[in-house]
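Trainee: Sharing structure27.cif below, mmCIF, C-alpha atoms:
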```
data_input
loop_
_atom_site.label_atom_id
_atom_site.label_comp_id
_atom_site.auth_asym_id
_atom_site.auth_seq_id
_atom_site.Cartn_x
_atom_site.Cartn_y
_atom_site.Cartn_z
CA MET O 1 -5.86 127.62 26.88
CA SER O 2 -7.06 128.18 30.42
CA GLN O 3 -7.47 125.36 32.91
CA VAL O 4 -11.24 125.89 32.91
CA SER O 5 -11.30 125.54 29.13
CA ARG O 6 -9.23 122.38 29.24
CA ILE O 7 -11.54 120.87 31.86
CA GLY O 8 -14.55 121.76 29.75
CA MET O 9 -13.00 120.23 26.68
CA LEU O 10 -12.14 117.03 28.59
CA ARG O 11 -15.70 116.85 29.85
CA ARG O 12 -17.10 117.21 26.33
CA LEU O 13 -14.63 114.61 25.06
CA ALA O 14 -15.58 112.18 27.81
CA CYS O 15 -19.23 112.77 27.09
CA ALA O 16 -18.75 112.20 23.38
CA ILE O 17 -16.79 109.00 24.00
CA GLY O 18 -19.40 107.74 26.44
CA VAL O 19 -22.34 108.49 24.16
CA SER O 20 -20.56 107.03 21.12
CA ALA O 21 -19.62 103.91 23.00
CA ALA O 22 -23.15 103.48 24.26
CA LEU O 23 -24.62 103.94 20.80
CA VAL O 24 -22.15 101.60 19.10
CA ALA O 25 -22.49 98.93 21.76
CA SER O 26 -26.27 99.13 21.88
CA ALA O 27 -26.59 99.07 18.11
CA GLY O 28 -24.13 96.22 17.94
CA CYS O 29 -26.03 94.16 20.47
CA GLY O 30 -29.29 94.79 18.70
CA LEU O 31 -28.19 94.18 15.15
CA GLU O 32 -25.74 91.28 15.40
CA VAL O 33 -27.14 87.86 14.65
CA GLY O 34 -25.36 86.35 17.60
CA ALA O 35 -22.25 86.12 19.64
CA VAL O 36 -18.77 85.16 18.62
CA TYR O 37 -18.20 81.44 19.20
CA PRO O 38 -16.09 80.52 22.17
CA GLY O 39 -12.85 78.84 21.28
CA MET O 40 -11.55 77.85 17.91
CA GLY O 41 -13.58 75.60 15.67
CA TYR O 42 -12.62 73.06 13.04
CA SER O 43 -12.83 74.10 9.46
CA ASP O 44 -14.63 70.89 8.50
CA TYR O 45 -18.36 70.30 8.37
CA PRO O 46 -19.87 67.37 10.24
CA PRO O 47 -19.03 63.99 8.68
CA ASP O 48 -21.67 61.44 7.75
CA GLU O 49 -21.12 59.34 10.86
CA TYR O 50 -21.76 62.40 13.03
CA ILE O 51 -25.00 63.26 11.22
CA ALA O 52 -26.12 59.63 11.47
CA THR O 53 -25.60 59.44 15.24
CA THR O 54 -26.42 62.92 16.56
CA GLU O 55 -29.69 64.69 17.29
CA PRO O 56 -30.02 68.04 15.52
CA VAL O 57 -31.47 71.20 16.99
CA TYR O 58 -34.23 72.69 14.87
CA PHE O 59 -33.70 76.40 14.49
CA ASP O 60 -34.83 78.91 11.92
CA GLY O 61 -36.65 76.21 9.97
CA ARG O 62 -33.78 73.79 9.61
CA ALA O 63 -31.83 71.10 11.43
CA THR O 64 -28.59 72.42 12.88
CA TYR O 65 -25.69 70.41 14.31
CA TRP O 66 -23.16 71.62 16.86
CA TYR O 67 -19.87 70.37 15.46
CA GLY O 68 -16.39 71.79 15.33
CA GLY O 69 -17.25 74.62 17.69
CA ARG O 70 -19.99 76.10 15.53
CA TRP O 71 -23.54 75.47 14.34
CA ASN O 72 -23.81 73.80 10.93
CA TYR O 73 -26.82 73.25 8.70
CA ARG O 74 -27.67 71.93 5.25
CA ASP O 75 -28.08 74.61 2.64
CA GLY O 76 -29.43 72.85 -0.41
CA GLY O 77 -26.90 70.28 -1.50
CA ARG O 78 -24.06 71.51 0.68
CA TRP O 79 -23.24 72.42 4.26
CA ASN O 80 -23.12 75.91 5.68
CA HIS O 81 -22.70 77.39 9.16
CA TYR O 82 -23.61 80.41 11.21
CA ASP O 83 -20.68 82.79 11.39
CA ARG O 84 -21.91 84.04 14.76
CA GLU O 85 -23.85 81.99 17.29
CA PRO O 86 -27.56 82.87 17.29
CA PRO O 87 -28.80 83.56 20.84
CA GLY O 88 -31.44 80.83 20.55
CA LEU O 89 -28.82 78.21 19.70
CA TYR O 90 -26.47 79.51 22.37
CA GLN O 91 -29.20 79.06 24.98
CA ARG O 92 -29.98 75.59 23.67
CA ARG O 93 -26.32 74.62 23.84
CA MET O 94 -26.08 75.81 27.42
CA GLN O 95 -29.19 73.84 28.38
CA SER O 96 -28.13 70.45 27.08
CA PRO O 97 -25.25 68.94 25.14
CA PRO O 98 -25.84 67.13 21.82
CA VAL O 99 -27.40 63.71 22.22
CA ARG O 100 -25.46 61.02 20.42
CA ARG O 101 -26.32 57.37 19.79
CA THR O 102 -23.74 54.63 20.13
CA TYR O 103 -24.72 51.48 18.27
CA GLU O 104 -21.97 49.05 19.10
CA ALA O 105 -18.91 49.31 21.26
CA ARG O 106 -15.56 48.38 19.82
CA GLY O 107 -15.41 44.62 19.54
CA GLY O 108 -18.98 44.25 18.42
CA ARG O 109 -20.98 44.37 21.63
CA ALA O 110 -24.17 46.35 21.38
CA VAL O 111 -24.57 49.60 23.24
CA ALA O 112 -28.14 50.54 22.65
CA ALA O 113 -28.82 53.51 24.87
CA PRO O 114 -28.34 57.01 23.52
CA HIS O 115 -26.07 59.23 25.56
CA ARG O 116 -25.31 62.88 25.96
CA ARG O 117 -21.96 64.44 25.35
CA MET W 1 -12.23 121.94 40.66
CA LYS W 2 -15.68 123.42 40.60
CA GLY W 3 -18.58 122.79 38.31
CA ASN W 4 -22.23 122.01 38.07
CA PRO W 5 -22.69 118.81 40.15
CA ASN W 6 -25.65 117.68 38.08
CA ARG W 7 -23.61 118.05 34.90
CA GLN W 8 -20.75 116.03 36.39
CA ILE W 9 -23.15 113.30 37.46
CA GLY W 10 -24.58 113.26 33.95
CA ILE W 11 -21.13 112.91 32.40
CA CYS W 12 -20.22 110.10 34.75
CA ALA W 13 -23.52 108.37 34.11
CA THR W 14 -23.00 108.63 30.35
CA VAL W 15 -19.47 107.22 30.55
CA LEU W 16 -20.58 104.46 32.90
CA PHE W 17 -23.50 103.60 30.65
CA GLY W 18 -21.20 103.34 27.67
CA ALA W 19 -18.74 101.21 29.59
CA CYS W 20 -21.48 98.93 30.88
CA ALA W 21 -22.97 98.60 27.42
CA ILE W 22 -19.59 97.54 26.04
CA VAL W 23 -19.01 95.12 28.89
CA GLY W 24 -22.52 93.75 28.62
CA CYS W 25 -22.26 93.14 24.92
CA GLY W 26 -18.79 91.76 25.28
CA GLY W 27 -20.13 89.38 27.90
CA VAL W 28 -22.30 87.76 25.31
CA SER W 29 -19.46 87.56 22.83
CA ALA W 30 -17.02 86.11 25.27
CA ASN W 31 -19.30 83.46 26.68
CA SER W 32 -18.18 81.62 29.74
CA PRO W 33 -16.71 78.21 28.98
CA PRO W 34 -19.51 76.17 27.47
CA ALA W 35 -21.06 73.28 29.29
CA THR W 36 -20.67 71.33 26.10
CA THR W 37 -17.65 71.40 23.91
CA ALA W 38 -17.26 70.61 20.28
CA ALA W 39 -17.22 66.90 19.64
CA ARG W 40 -13.62 65.80 19.83
CA ALA W 41 -12.18 63.77 17.01
CA SER W 42 -11.64 60.80 19.33
CA ASP W 43 -15.32 60.85 20.34
CA VAL W 44 -16.38 60.84 16.72
CA ASP W 45 -14.02 57.97 16.01
CA ASP W 46 -15.45 55.84 18.82
CA VAL W 47 -19.04 56.37 17.79
CA SER W 48 -18.15 56.04 14.12
CA ALA W 49 -16.45 52.72 14.73
CA GLY W 50 -19.57 51.44 16.49
CA LEU W 51 -21.82 52.55 13.68
CA MET W 52 -19.52 51.00 11.07
CA GLU W 53 -19.53 47.74 13.02
CA HIS W 54 -23.31 47.87 13.09
CA HIS W 55 -23.59 48.45 9.35
CA ARG W 56 -21.21 45.55 8.68
CA HIS W 57 -23.48 43.06 10.41
CA HIS W 58 -27.11 44.21 10.06
CA HIS W 59 -28.64 44.36 6.59
CA HIS W 60 -31.97 42.58 7.00
CA GLY W 61 -34.38 45.44 6.27
CA GLY W 62 -32.32 46.98 3.50
CA VAL W 63 -33.08 50.68 3.05
CA THR W 64 -36.08 50.46 5.40
CA LEU W 65 -33.69 49.51 8.21
CA ILE W 66 -31.62 52.59 7.39
CA ILE W 67 -34.76 54.75 7.59
CA ALA W 68 -35.68 53.23 10.94
CA LEU W 69 -32.16 53.82 12.28
CA SER W 70 -32.39 57.43 11.14
CA LEU W 71 -35.33 57.92 13.49
CA ASP W 72 -33.09 57.13 16.48
CA THR W 73 -31.60 60.61 16.45
CA LEU W 74 -34.16 62.71 14.60
CA GLY W 75 -34.66 64.91 17.66
CA VAL W 76 -38.39 65.57 17.30
CA SER W 77 -40.36 67.66 19.78
CA PRO W 78 -41.74 66.11 22.97
CA GLU W 79 -45.24 66.38 21.49
CA GLN W 80 -44.22 64.25 18.50
CA ARG W 81 -42.05 61.79 20.36
CA THR W 82 -44.74 59.26 21.28
CA ALA W 83 -46.08 59.12 17.73
CA VAL W 84 -42.62 58.81 16.15
CA GLU W 85 -41.57 56.16 18.66
CA LYS W 86 -44.65 54.13 17.77
CA ILE W 87 -43.84 54.42 14.06
CA ARG W 88 -40.24 53.39 14.73
CA SER W 89 -41.48 50.34 16.63
CA ASP W 90 -43.92 49.56 13.81
CA LEU W 91 -41.13 49.70 11.24
CA HIS W 92 -39.00 47.28 13.24
CA ALA W 93 -42.02 45.02 13.69
CA ARG W 94 -42.58 44.96 9.91
CA MET W 95 -38.92 44.04 9.45
CA GLU W 96 -39.07 41.32 12.08
CA PRO W 97 -39.43 38.38 9.63
CA ALA W 98 -36.30 39.56 7.81
CA ARG W 99 -34.46 40.15 11.10
CA ALA W 100 -35.42 36.68 12.33
CA ALA W 101 -34.26 35.14 9.05
CA GLU W 102 -30.92 36.93 9.32
CA GLN W 103 -30.60 35.86 12.95
CA GLU W 104 -31.31 32.25 12.01
CA LEU W 105 -28.64 32.38 9.32
CA VAL W 106 -26.03 33.90 11.62
CA THR W 107 -26.81 31.46 14.41
CA MET W 108 -26.55 28.55 11.99
CA LEU W 109 -23.21 29.83 10.74
CA ALA W 110 -21.96 30.33 14.30
CA ASP W 111 -22.95 26.80 15.28
CA GLY W 112 -21.35 25.30 12.18
CA LEU W 113 -18.22 27.36 12.67
CA ALA W 114 -17.83 26.34 16.30
CA ALA W 115 -18.38 22.66 15.46
CA GLY W 116 -16.25 22.77 12.33
CA ASN W 117 -19.03 21.37 10.13
CA LEU W 118 -20.54 24.18 8.08
CA ASP W 119 -23.31 23.08 5.77
CA ALA W 120 -23.12 25.19 2.61
CA ALA W 121 -26.47 24.02 1.25
CA SER W 122 -28.29 24.93 4.47
CA ALA W 123 -26.52 28.29 4.53
CA ASP W 124 -27.59 29.02 0.95
CA ALA W 125 -31.17 28.17 1.85
CA ALA W 126 -31.00 30.51 4.86
CA VAL W 127 -29.61 33.28 2.66
CA ALA W 128 -32.55 32.81 0.30
CA GLN W 129 -34.91 33.14 3.28
CA VAL W 130 -33.35 36.48 4.19
CA ALA W 131 -33.74 37.73 0.62
CA ALA W 132 -37.36 36.61 0.42
CA ALA W 133 -38.26 38.24 3.72
CA ALA W 134 -36.47 41.48 2.83
CA ALA W 135 -38.35 41.70 -0.46
CA LYS W 136 -41.59 42.05 1.52
CA VAL W 137 -40.38 44.70 3.95
CA HIS W 138 -41.25 47.80 1.96
CA ASP W 139 -44.82 46.82 1.16
CA ALA W 140 -45.35 45.92 4.79
CA SER W 141 -43.88 49.25 5.94
CA ALA W 142 -45.52 51.61 3.46
CA ASP W 143 -48.35 52.70 5.74
CA ALA W 144 -45.92 53.36 8.61
CA LEU W 145 -43.73 55.48 6.29
CA ASN W 146 -46.78 57.44 5.14
CA GLU W 147 -47.76 58.01 8.76
CA LEU W 148 -44.24 59.15 9.51
CA HIS W 149 -44.39 61.71 6.71
CA ALA W 150 -47.66 63.05 8.10
CA VAL W 151 -46.29 63.40 11.63
CA LEU W 152 -43.05 65.21 10.73
CA THR W 153 -42.61 68.88 9.90
CA PRO W 154 -40.84 69.85 6.65
CA PRO W 155 -37.52 70.54 8.45
CA GLU W 156 -37.75 67.17 10.19
CA ARG W 157 -38.46 65.42 6.89
CA ALA W 158 -35.40 67.08 5.38
CA ALA W 159 -33.34 66.10 8.42
CA LEU W 160 -34.51 62.50 8.10
CA VAL W 161 -33.44 62.40 4.46
CA ASP W 162 -30.04 63.83 5.45
CA LYS W 163 -29.66 61.09 8.05
CA VAL W 164 -30.70 58.34 5.62
CA GLU W 165 -28.08 59.58 3.14
CA ALA W 166 -25.49 59.78 5.93
CA HIS W 167 -26.22 56.21 7.06
CA TRP W 168 -25.90 55.02 3.46
CA ALA W 169 -22.55 56.76 3.11
CA VAL W 170 -21.35 55.08 6.32
CA TRP W 171 -22.72 51.73 5.14
CA GLN W 172 -20.71 52.02 1.92
CA THR W 173 -17.56 52.88 3.83
CA ALA W 174 -18.10 50.01 6.26
CA ASN W 175 -18.63 47.54 3.44
CA SER W 176 -16.58 49.19 0.70
CA GLU W 177 -13.78 46.69 0.72
CA GLU W 178 -16.27 43.89 0.69
CA THR W 179 -18.15 45.39 -2.27
CA ASP W 180 -14.94 45.86 -4.23
CA ALA W 181 -14.36 42.70 -6.22
CA ARG W 182 -10.65 43.46 -6.53
CA ASN W 183 -10.25 43.59 -2.76
CA PRO W 184 -12.60 41.01 -1.28
CA ALA W 185 -13.32 41.06 2.43
CA ARG W 186 -10.11 42.84 3.24
CA GLY W 187 -11.78 45.04 5.83
CA LYS W 188 -13.55 42.22 7.61
CA LEU W 189 -10.46 40.08 7.38
CA ALA W 190 -8.33 42.82 8.89
CA MET W 191 -10.73 43.07 11.84
CA LEU W 192 -10.78 39.32 12.23
CA ALA W 193 -6.98 39.19 12.22
CA THR W 194 -6.90 41.66 15.07
CA ASP W 195 -9.74 40.11 17.06
CA LEU W 196 -8.53 36.52 16.80
CA GLY W 197 -4.81 37.12 16.62
CA LEU W 198 -4.38 35.46 13.23
CA THR W 199 -0.87 34.67 12.11
CA PRO W 200 0.43 36.16 8.83
CA ASP W 201 0.27 32.70 7.32
CA GLN W 202 -3.38 32.33 8.31
CA VAL W 203 -4.20 35.72 6.82
CA ASP W 204 -2.52 34.80 3.54
CA ARG W 205 -4.35 31.47 3.34
CA ILE W 206 -7.68 33.08 4.12
CA ARG W 207 -7.06 35.79 1.56
CA ALA W 208 -6.38 33.17 -1.11
CA ARG W 209 -9.57 31.30 -0.21
CA LEU W 210 -11.62 34.49 -0.21
CA GLY W 211 -10.44 35.34 -3.71
CA GLU W 212 -12.07 32.20 -5.01
CA GLY W 213 -14.99 31.87 -2.60
CA MET W 214 -16.31 35.39 -3.04
CA LYS W 215 -16.69 34.98 -6.78
CA THR W 216 -19.97 33.20 -6.10
CA VAL W 217 -21.41 36.14 -4.12
CA PRO W 218 -23.66 38.23 -6.38
CA ARG W 219 -22.25 41.70 -6.96
CA LEU W 220 -24.10 44.48 -5.16
CA ASP W 221 -25.23 47.24 -7.49
CA LEU W 222 -24.54 50.34 -5.39
CA GLN W 223 -26.07 52.52 -8.08
CA GLU W 224 -29.38 50.72 -7.68
CA ILE W 225 -29.47 51.50 -3.98
CA SER W 226 -28.37 55.11 -4.50
CA THR W 227 -31.05 55.61 -7.14
CA HIS W 228 -33.71 54.33 -4.77
CA LEU W 229 -32.45 56.53 -1.95
CA ARG W 230 -32.60 59.57 -4.20
CA ALA W 231 -36.16 58.70 -5.17
CA PHE W 232 -37.11 58.27 -1.53
CA GLY W 233 -35.45 61.55 -0.51
CA ASP W 234 -37.04 63.57 -3.29
CA ALA W 235 -40.47 62.15 -2.54
CA PHE W 236 -40.23 62.43 1.24
CA ARG W 237 -39.26 66.11 1.16
CA ARG W 238 -42.43 66.99 -0.73
CA ASP W 239 -45.69 68.00 0.96
CA LYS W 240 -47.44 64.91 -0.34
CA PHE W 241 -45.88 61.47 -0.07
CA ASP W 242 -47.02 57.95 -0.79
CA ALA W 243 -44.50 55.21 -0.06
CA ARG W 244 -46.43 52.83 -2.31
CA MET W 245 -45.32 54.89 -5.30
CA LEU W 246 -41.66 54.01 -4.65
CA THR W 247 -41.34 51.21 -7.16
CA THR W 248 -37.61 50.68 -6.60
CA ALA W 249 -37.94 49.89 -2.89
CA ASN W 250 -38.58 46.14 -2.87
CA GLY W 251 -35.69 45.39 -5.20
CA ALA W 252 -33.28 47.62 -3.29
CA ASN W 253 -34.22 46.10 0.07
CA ALA W 254 -33.92 42.53 -1.19
CA HIS W 255 -30.59 43.10 -2.91
CA LEU W 256 -29.03 44.87 0.06
CA ALA W 257 -30.16 42.26 2.58
CA SER W 258 -29.32 39.26 0.42
CA TRP W 259 -25.86 40.62 -0.40
CA GLY W 260 -25.12 41.03 3.30
CA ALA W 261 -26.32 37.52 4.09
CA ALA W 262 -24.53 35.84 1.17
CA HIS W 263 -21.32 37.72 1.85
CA LEU W 264 -21.26 36.69 5.50
CA ALA W 265 -21.97 33.03 4.67
CA HIS W 266 -19.20 32.82 2.08
CA PHE W 267 -16.78 34.69 4.29
CA ILE W 268 -17.26 32.22 7.12
CA GLU W 269 -17.05 29.25 4.76
CA ALA W 270 -13.75 30.61 3.48
CA VAL W 271 -12.12 31.30 6.81
CA SER W 272 -13.40 28.35 8.86
CA PRO W 273 -10.92 25.68 7.66
CA VAL W 274 -7.97 27.98 8.39
CA LEU W 275 -8.88 28.79 12.01
CA THR W 276 -7.90 26.82 15.09
CA PRO W 277 -10.70 25.38 17.26
CA ASP W 278 -10.17 28.16 19.79
CA GLN W 279 -10.32 30.86 17.10
CA ARG W 280 -13.48 29.31 15.66
CA ALA W 281 -15.11 29.29 19.09
CA ARG W 282 -14.28 32.94 19.67
CA PHE W 283 -15.44 33.96 16.21
CA ALA W 284 -18.66 32.01 16.71
CA GLN W 285 -19.27 33.80 20.00
CA ARG W 286 -18.79 37.15 18.29
CA LEU W 287 -21.34 36.17 15.64
CA ARG W 288 -23.87 35.13 18.27
CA GLU W 289 -23.50 38.51 19.95
CA HIS W 290 -24.30 40.24 16.68
CA ALA W 291 -27.23 37.92 16.06
CA ALA W 292 -28.68 38.73 19.47
CA HIS W 293 -28.33 42.47 18.98
CA ALA W 294 -31.68 43.96 18.05
CA PRO W 295 -31.32 47.29 16.19
CA SER W 296 -34.69 48.33 17.59
CA ASP W 297 -33.21 48.65 21.08
CA GLY W 298 -32.77 52.11 22.45
CA GLY W 299 -33.03 55.19 20.29
CA ASN W 300 -34.65 58.46 21.09
CA PRO W 301 -36.64 59.93 18.20
#
```
Hey, can you dump this file as C-alpha cells for me?
Mentor:
Amino acid sequence: MSQVSRIGMLRRLACAIGVSAALVASAGCGLEVGAVYPGMGYSDYPPDEYIATTEPVYFDGRATYWYGGRWNYRDGGRWNHYDREPPGLYQRRMQSPPVRRTYEARGGRAVAAPHRR
Amino acid sequence: MKGNPNRQIGICATVLFGACAIVGCGGVSANSPPATTAARASDVDDVSAGLMEHHRHHHHGGVTLIIALSLDTLGVSPEQRTAVEKIRSDLHARMEPARAAEQELVTMLADGLAAGNLDAASADAAVAQVAAAAAKVHDASADALNELHAVLTPPERAALVDKVEAHWAVWQTANSEETDARNPARGKLAMLATDLGLTPDQVDRIRARLGEGMKTVPRLDLQEISTHLRAFGDAFRRDKFDARMLTTANGANAHLASWGAAHLAHFIEAVSPVLTPDQRARFAQRLREHAAHAPSDGGNP
C-alpha cells in the first residue's frame, strides 16, 4: 500500500470516527432522560422521618425527594426512583438544597424554624 | 504531506465536533460536585430524634394536628403559599382549645411534680378536658380542610397524604413502647434515666410502679387511627372532598389526644415518688418547656 493510500485511509477512518462519535454523542444527549448521578447513592428509599420533615420538589406530576444521592418518588403504594437525574431536577438541586424542618432539638427544646441543608 | 486544505479542515472540524460533543455530553453526566449532598445518616438521625421527641409530647389535635404538621414541609408554589399558610394557621387556631387544655394539664403536672404534691383527681379532670376539646377539633376544622383540598393540586394532595402517613408512622415509633402493654413506658423511662441521671435502683423502682400504674391508662386502638387515616387519604386524593363525610375523625382525634394526656399523667404519678427533689425540679422544667412549645411556630408550606 502506498503512503498516499495509507494517508487517505487514515483520513477516512478519522472522518468515520468523528462522525460516528458526533452522532452517538448527540443522539445520547438528546434521548437520555438525564445525567448520571454524581457520587454513590444509598440503596434505601427515604424513611418516614425524612418524608415528614423535608420539602419535596414537584416534577413530572409528582412529589420527588432528594435522598441517598438520587431522586425518589411514590409510585402507587411503593417508592421508586429515577435511574438518571432529569435535567429539571438537576437544575433545581443546584439552585437550592432540600428544605428540612427541625421540630425539637435533642433534650426537648423547640427549634421551630425550617432550615436548608 | 500534501492534500486538499479544505478537505483537511473538514476532517479536523468533524473530529473536533465529535470530541466536543462527547466532552459536552460527558460534562452533564459528570456534574461538578453538587452544592447539596445527599442527606447524611447523622443529619437524618438528628432531625428524626427531634420529630420523635415532638410526637412524644404533643397529641392535642389528634390526626388534625398531624395534618397541620404535614403542611410545614409541603413545598407548595409561591402563588399558593399565602393561602396554605392561612389554612395552616386556621387549623392551629381550631385546635387551640385542645392545645390550651393539654398545656394546662402539663403545667399542672409540672407544678405538682416540682412541689412533690401531685393531685391525681385534678390530673384526671384535666385529662378529661383534653379529650373533650380534642373531640371537637375535626368539626371545627372541616371547612379549613375543605379549603385546603381546593387550594392544592393533585400531586400536592398526594404528597400531603404521604406526609400524614409518614408522621403517623413516626408517631407510632415514638410511642410504640408506651402503647405496648407488655413494655410500659420503657422508651420514655430510658430517656428520663439519661436526662436525669437515674440510678439503676431508681429505674427498677420506677419500672415496677409503671407496671401497676399504667394498667389504668385506656389502651390506644392503633387500628382505629390507621383506619381513619386511610379513609382520610383515600378521600383527600380524590377530585372532590368533603371533610364532614369523615365520620371516624372525631373519635380518632379524641382517643389519640386523651391517650397522650392520660399516659403522661400516669407516668409522672408513677415516677414522682422515686425522684429526688433536684430530679423532680429538672423534670418539671423539661415539662414546662414542652408545654410552652407551640407546634404552630415556624413551618414553611
Trainee: Could you tell me which of W:Ala121, W:Leu210, W:Leu145, W:Val170 comes closest to Ala243 of chain W if we count only C-alpha atoms?
Mentor: W:Leu145
Trainee: Take the PyMOL selection byres ((chain W and resi 250) around 10), run it mentally on this structure, and tell me the resulting residues as a PyMOL selection string.
Mentor: chain W and resi 62-64+134-139+228+246-249+251-255
Trainee: What gap, in Å, lies between atom CA of Met95 of chain W and atom CA of Met191 of chain W?
Mentor: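 About the pair atom CA of Met95 of chain W and atom CA of Met191 of chain W: they are 28.3 Å apart.
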Trainee: Between atom CA of Lys86 of chain W and atom CA of Gln172 of chain W, what is the distance, to one decimal in Å?
Mentor: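 If I compute the distance from atom CA of Lys86 of chain W to atom CA of Gln172 of chain W, I get 28.8 Å.
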Trainee: Just give me the gap between atom CA of Ala159 of chain W and atom CA of Tyr37 of chain O in Å, one decimal is fine.
Mentor: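 Atom CA of Ala159 of chain W sits 24.1 Å away from atom CA of Tyr37 of chain O.
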Trainee: Given the point (-34.9, 71.9, 14.0) in the coordinates of this file, which residues lie within 10 Å, counting all atoms listed in the file, and how would they look as a PyMOL selection string?
Mentor: (chain O and resi 55-65+73) or (chain W and resi 74-77+153-156+158-159)
Trainee: Need to verify the contact set: Lys240 of chain W, 10 Å, all atoms listed in the file, exclusion of same-chain residues closer than 2 positions in sequence. Can you return it as a PyMOL selection string?
Mentor: chain W and resi 146+149-150+235-238+242
Trainee: Which is closer to Asp162 of chain W than all the others in W:Gln285, W:Ser70, W:Ser258, W:Gln202, using only C-alpha atoms?
Mentor: W:Ser70
Trainee: Extract, using all atoms listed in the file, all DNA, RNA and protein residues at most 10 Å from segment 214-224 of chain W, discarding same-chain residues fewer than 3 positions from it, and format them as a VMD selection string.
Mentor: chain W and resid 172 178 to 181 184 to 185 209 to 211 227 to 229 248 to 249 251 to 252 255 to 256 258 to 267 269 to 270
Trainee: Give me the residues within 10 Å of Arg56 of chain W as a list in words, counting all atoms listed in the file and dropping any in the same chain fewer than 3 places off.
Mentor: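 Here the qualifying residues turn out to be Gly50, Leu51, Met52, Glu53, His59, Val170, Trp171, Gln172, Thr173, Ala174, Asn175, Ser176, Glu178, Gly187, Lys188, Gly260 and Leu264 of chain W.
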Trainee: Give me the residues within 12 Å of Leu91 of chain W as a PyMOL selection string, counting all atoms listed in the file and dropping any in the same chain fewer than 6 places off.
Mentor: chain W and resi 61+63-71+84-85+97-99+137-148+295-296
Trainee: Take segment 160-178 of chain W, bring it up to N, CA and C atoms, and give me the output as a PDB file, in the frame of the given file.
Mentor:
```
ATOM      1  N   LEU W 160     -34.472  63.959   8.223  1.00  0.00           N
ATOM      2  CA  LEU W 160     -34.510  62.500   8.100  1.00  0.00           C
ATOM      3  C   LEU W 160     -33.807  62.054   6.809  1.00  0.00           C
ATOM      4  N   VAL W 161     -34.083  62.747   5.734  1.00  0.00           N
ATOM      5  CA  VAL W 161     -33.440  62.400   4.460  1.00  0.00           C
ATOM      6  C   VAL W 161     -31.923  62.564   4.569  1.00  0.00           C
ATOM      7  N   ASP W 162     -31.491  63.641   5.232  1.00  0.00           N
ATOM      8  CA  ASP W 162     -30.040  63.830   5.450  1.00  0.00           C
ATOM      9  C   ASP W 162     -29.455  62.644   6.211  1.00  0.00           C
ATOM     10  N   LYS W 163     -30.167  62.191   7.229  1.00  0.00           N
ATOM     11  CA  LYS W 163     -29.660  61.090   8.050  1.00  0.00           C
ATOM     12  C   LYS W 163     -29.633  59.779   7.253  1.00  0.00           C
ATOM     13  N   VAL W 164     -30.675  59.555   6.447  1.00  0.00           N
ATOM     14  CA  VAL W 164     -30.700  58.340   5.620  1.00  0.00           C
ATOM     15  C   VAL W 164     -29.485  58.335   4.677  1.00  0.00           C
ATOM     16  N   GLU W 165     -29.237  59.487   4.056  1.00  0.00           N
ATOM     17  CA  GLU W 165     -28.080  59.580   3.140  1.00  0.00           C
ATOM     18  C   GLU W 165     -26.767  59.400   3.907  1.00  0.00           C
ATOM     19  N   ALA W 166     -26.711  59.931   5.124  1.00  0.00           N
ATOM     20  CA  ALA W 166     -25.490  59.780   5.930  1.00  0.00           C
ATOM     21  C   ALA W 166     -25.266  58.316   6.311  1.00  0.00           C
ATOM     22  N   HIS W 167     -26.348  57.643   6.725  1.00  0.00           N
ATOM     23  CA  HIS W 167     -26.220  56.210   7.060  1.00  0.00           C
ATOM     24  C   HIS W 167     -25.754  55.415   5.834  1.00  0.00           C
ATOM     25  N   TRP W 168     -26.294  55.750   4.683  1.00  0.00           N
ATOM     26  CA  TRP W 168     -25.900  55.020   3.460  1.00  0.00           C
ATOM     27  C   TRP W 168     -24.428  55.254   3.149  1.00  0.00           C
ATOM     28  N   ALA W 169     -23.979  56.473   3.339  1.00  0.00           N
ATOM     29  CA  ALA W 169     -22.550  56.760   3.110  1.00  0.00           C
ATOM     30  C   ALA W 169     -21.688  55.948   4.074  1.00  0.00           C
ATOM     31  N   VAL W 170     -22.112  55.865   5.338  1.00  0.00           N
ATOM     32  CA  VAL W 170     -21.350  55.080   6.320  1.00  0.00           C
ATOM     33  C   VAL W 170     -21.409  53.600   5.954  1.00  0.00           C
ATOM     34  N   TRP W 171     -22.575  53.139   5.535  1.00  0.00           N
ATOM     35  CA  TRP W 171     -22.720  51.730   5.140  1.00  0.00           C
ATOM     36  C   TRP W 171     -21.719  51.398   4.031  1.00  0.00           C
ATOM     37  N   GLN W 172     -21.627  52.277   3.045  1.00  0.00           N
ATOM     38  CA  GLN W 172     -20.710  52.020   1.920  1.00  0.00           C
ATOM     39  C   GLN W 172     -19.263  51.992   2.390  1.00  0.00           C
ATOM     40  N   THR W 173     -18.938  52.892   3.313  1.00  0.00           N
ATOM     41  CA  THR W 173     -17.560  52.880   3.830  1.00  0.00           C
ATOM     42  C   THR W 173     -17.295  51.596   4.599  1.00  0.00           C
ATOM     43  N   ALA W 174     -18.272  51.203   5.424  1.00  0.00           N
ATOM     44  CA  ALA W 174     -18.100  50.010   6.260  1.00  0.00           C
ATOM     45  C   ALA W 174     -17.968  48.748   5.425  1.00  0.00           C
ATOM     46  N   ASN W 175     -18.627  48.746   4.274  1.00  0.00           N
ATOM     47  CA  ASN W 175     -18.630  47.540   3.440  1.00  0.00           C
ATOM     48  C   ASN W 175     -17.891  47.738   2.129  1.00  0.00           C
ATOM     49  N   SER W 176     -17.173  48.850   2.000  1.00  0.00           N
ATOM     50  CA  SER W 176     -16.580  49.190   0.700  1.00  0.00           C
ATOM     51  C   SER W 176     -15.604  48.130   0.236  1.00  0.00           C
ATOM     52  N   GLU W 177     -14.770  47.671   1.149  1.00  0.00           N
ATOM     53  CA  GLU W 177     -13.780  46.690   0.720  1.00  0.00           C
ATOM     54  C   GLU W 177     -14.439  45.381   0.344  1.00  0.00           C
ATOM     55  N   GLU W 178     -15.556  45.116   1.017  1.00  0.00           N
ATOM     56  CA  GLU W 178     -16.270  43.890   0.690  1.00  0.00           C
ATOM     57  C   GLU W 178     -17.003  43.999  -0.648  1.00  0.00           C
TER      58      GLU W 178
END
```
